[in-house]
Amino acid sequence: MEIRTFPTKTGTRQNLSFLLPGTEQRVDLIWSPGDSSSAGILARLNDVFPRDWTGKEIVATAPGLVTPTVLRAFTTDVEVFVQVFLRQEYDVPLAFEPRFIVDGGANIGLTSLFFAAKYPSAAILAVEAERSNHELLRKNTHGCPTITARHAAIWDRTTTLGVYGLRAAHPARNYNMWGFMVAEDSDASFASSVREQAEKIDEVEGVTIGDLVAASGRGQIDILKLDIEGAEKEVFASEGCRDWLGSVRAIMIEAHDSQKEGCSKAFYEAIAGRRYRESKRGDVTIVEFDQ
């Protein structure tokens, strides 16, 4: 069996493993929290992964994972893994025990799996717009009964949306498995730099957060996690957000002003009428509302 070891500094250590299914190739990693930046961890992982893993599905195991999880090697899947399980950007102390979590922009399900381990009694709705990511999301979460995966995009109204990704000729097309944006065909209001690089690759159902709350049969969302690549502008700028925003106890959000101007402005204007505590971990802004 081929085992390649990734040594790190001494300290509190976590044992990680990456396996190429159907082979005996495996990378074992002993990682100490805080021993490197996210970029540094990612660079060292890419150094130790065999190059013939490029684009292949590998199986990762790590503390905090409720089940072995599939990643596509040498893609942004590995960056998300670093963000969620090594840098633990969603490991935020809250003043309450969540019972219902909406993971908007769930990608391949890693944040949902982190929440499932941290809050085992919580029901989690994982919503992902891009088709291949949703398929991997379903594969990664099928063994976790508390997670429900839905192929949809969070938007300000119910409609059909275009899904936009990097153009086929873009050199990073096969690496970037995140950053997919959605828009109505009449209004792809992306930043000019995004429009130059993006093309419509698919269509998806657009759903509102109010609809998700109603369909859940629950009166509130305890954690609303949003990493929806600019759609947060439409979501929080709409009058409809007033109907459900008061039922949300905490929001964990990445604002994408570089992709669509006005995302942060729409968010802070929407929550301006409520008292809250704010913190930040990496790219994630955490707002916990006073009850």
# chains A, B, ... in the order shown; residues from 1 in each chain; ligands from 1
call {"tool": "residues_around", "arguments": {"residues": "Cys241 (chain A)", "least_positions_apart": "5", "cutoff": "9 Å", "atoms": "only C-alpha atoms", "output": "number ranges by chain"}}
result
A: 156, 208-210, 235-236, 246, 270
call {"tool": "write_last_selection", "arguments": {"atoms": "N, CA and C atoms", "output": "short mmCIF file (atom, residue, chain, number, x, y, z; two decimals), in the first residue's frame"}}
result
data_model
loop_
_atom_site.label_atom_id
_atom_site.label_comp_id
_atom_site.auth_asym_id
_atom_site.auth_seq_id
_atom_site.Cartn_x
_atom_site.Cartn_y
_atom_site.Cartn_z
N ASP A 156 -35.05 35.82 -4.59
CA ASP A 156 -36.06 36.67 -3.94
C ASP A 156 -37.48 36.33 -4.34
N THR A 208 -37.56 30.95 -2.55
CA THR A 208 -37.36 31.96 -1.51
C THR A 208 -37.12 31.28 -0.17
N ILE A 209 -36.48 32.02 0.73
CA ILE A 209 -36.27 31.49 2.07
C ILE A 209 -37.62 31.33 2.78
N GLY A 210 -38.54 32.25 2.52
CA GLY A 210 -39.88 32.11 3.09
C GLY A 210 -40.54 30.81 2.68
N VAL A 235 -31.85 38.68 -2.36
CA VAL A 235 -32.56 38.11 -1.21
C VAL A 235 -32.85 39.17 -0.16
N PHE A 236 -31.85 39.99 0.19
CA PHE A 236 -32.02 40.94 1.29
C PHE A 236 -32.56 42.29 0.83
N GLY A 246 -37.43 37.92 10.61
CA GLY A 246 -37.64 37.95 12.06
C GLY A 246 -37.64 36.58 12.70
N ALA A 270 -31.13 45.37 5.61
CA ALA A 270 -32.23 44.48 5.96
C ALA A 270 -32.27 44.17 7.44
#
call {"tool": "residues_around", "arguments": {"residues": "region 89-99 of chain A", "least_positions_apart": "4", "cutoff": "7 Å", "atoms": "only C-alpha atoms", "output": "list in words"}}
result
Gln83, Val84, Tyr119, Ser121, Ala122, Ala123, Asp222, Ile223, Arg281, Gly282 and Val284 of chain A
call {"tool": "atom_distance", "arguments": {"atom1": "CA of Gly262 (chain A)", "atom2": "CA of Lys233 (chain A)"}}
result
6.4 Å
call {"tool": "atom_distance", "arguments": {"atom1": "CA of Met177 (chain A)", "atom2": "CA of Glu130 (chain A)"}}
result
8.9 Å
call {"tool": "closest_residue", "arguments": {"among": "A:Ala272, A:Ala43, A:Val78, A:Leu136", "to": "Phe18 (chain A)", "atoms": "only C-alpha atoms"}}
result
A:Val78
call {"tool": "residues_around", "arguments": {"residues": "Thr61 (chain A)", "least_positions_apart": "4", "cutoff": "9 Å", "atoms": "only C-alpha atoms", "output": "list in words"}}
result
Asn15, Leu16, Ser17, Phe18, Leu19, Leu65, Val66, Thr67, Pro68 and Thr69 of chain A
call {"tool": "atom_distance", "arguments": {"atom1": "CA of Ile108 (chain A)", "atom2": "CA of Asp243 (chain A)"}}
result
29.2 Å
call {"tool": "residues_around", "arguments": {"residues": "Glu232 (chain A)", "least_positions_apart": "6", "cutoff": "8 Å", "atoms": "only C-alpha atoms", "output": "ChimeraX atom specification"}}
result
/A:155,226,255,263,266-267
call {"tool": "residues_around", "arguments": {"residues": "Leu161 (chain A)", "least_positions_apart": "2", "cutoff": "7 Å", "atoms": "only C-alpha atoms", "output": "PDB file with N, CA and C atoms, in the first residue's frame"}}
result
ATOM      1  N   THR A 159     -38.948  31.348  -9.417  1.00  0.00           N
ATOM      2  CA  THR A 159     -38.780  31.549 -10.853  1.00  0.00           C
ATOM      3  C   THR A 159     -37.757  30.544 -11.367  1.00  0.00           C
ATOM      4  N   VAL A 163     -27.900  29.373 -14.507  1.00  0.00           N
ATOM      5  CA  VAL A 163     -26.694  29.120 -13.711  1.00  0.00           C
ATOM      6  C   VAL A 163     -25.491  29.493 -14.573  1.00  0.00           C
ATOM      7  N   VAL A 182     -26.213  32.759 -10.131  1.00  0.00           N
ATOM      8  CA  VAL A 182     -27.512  32.586 -10.779  1.00  0.00           C
ATOM      9  C   VAL A 182     -28.096  33.950 -11.092  1.00  0.00           C
ATOM     10  N   ALA A 183     -28.946  33.978 -12.123  1.00  0.00           N
ATOM     11  CA  ALA A 183     -29.595  35.226 -12.516  1.00  0.00           C
ATOM     12  C   ALA A 183     -30.778  34.913 -13.402  1.00  0.00           C
ATOM     13  N   GLU A 184     -31.743  35.811 -13.365  1.00  0.00           N
ATOM     14  CA  GLU A 184     -32.798  35.749 -14.358  1.00  0.00           C
ATOM     15  C   GLU A 184     -32.211  36.183 -15.693  1.00  0.00           C
ATOM     16  N   ASP A 185     -32.665  35.571 -16.759  1.00  0.00           N
ATOM     17  CA  ASP A 185     -32.058  35.829 -18.060  1.00  0.00           C
ATOM     18  C   ASP A 185     -32.104  37.292 -18.455  1.00  0.00           C
ATOM     19  N   GLU A 203     -29.883  25.646 -16.059  1.00  0.00           N
ATOM     20  CA  GLU A 203     -30.985  26.352 -15.430  1.00  0.00           C
ATOM     21  C   GLU A 203     -31.375  25.629 -14.149  1.00  0.00           C
ATOM     22  N   VAL A 204     -31.968  26.387 -13.220  1.00  0.00           N
ATOM     23  CA  VAL A 204     -32.333  25.810 -11.933  1.00  0.00           C
ATOM     24  C   VAL A 204     -33.542  26.556 -11.380  1.00  0.00           C
ATOM     25  N   GLU A 205     -34.271  25.888 -10.519  1.00  0.00           N
ATOM     26  CA  GLU A 205     -35.415  26.506  -9.851  1.00  0.00           C
ATOM     27  C   GLU A 205     -34.921  27.514  -8.816  1.00  0.00           C
ATOM     28  N   GLY A 206     -35.502  28.707  -8.819  1.00  0.00           N
ATOM     29  CA  GLY A 206     -35.236  29.683  -7.774  1.00  0.00           C
ATOM     30  C   GLY A 206     -36.313  29.609  -6.709  1.00  0.00           C
TER      31      GLY A 206
END
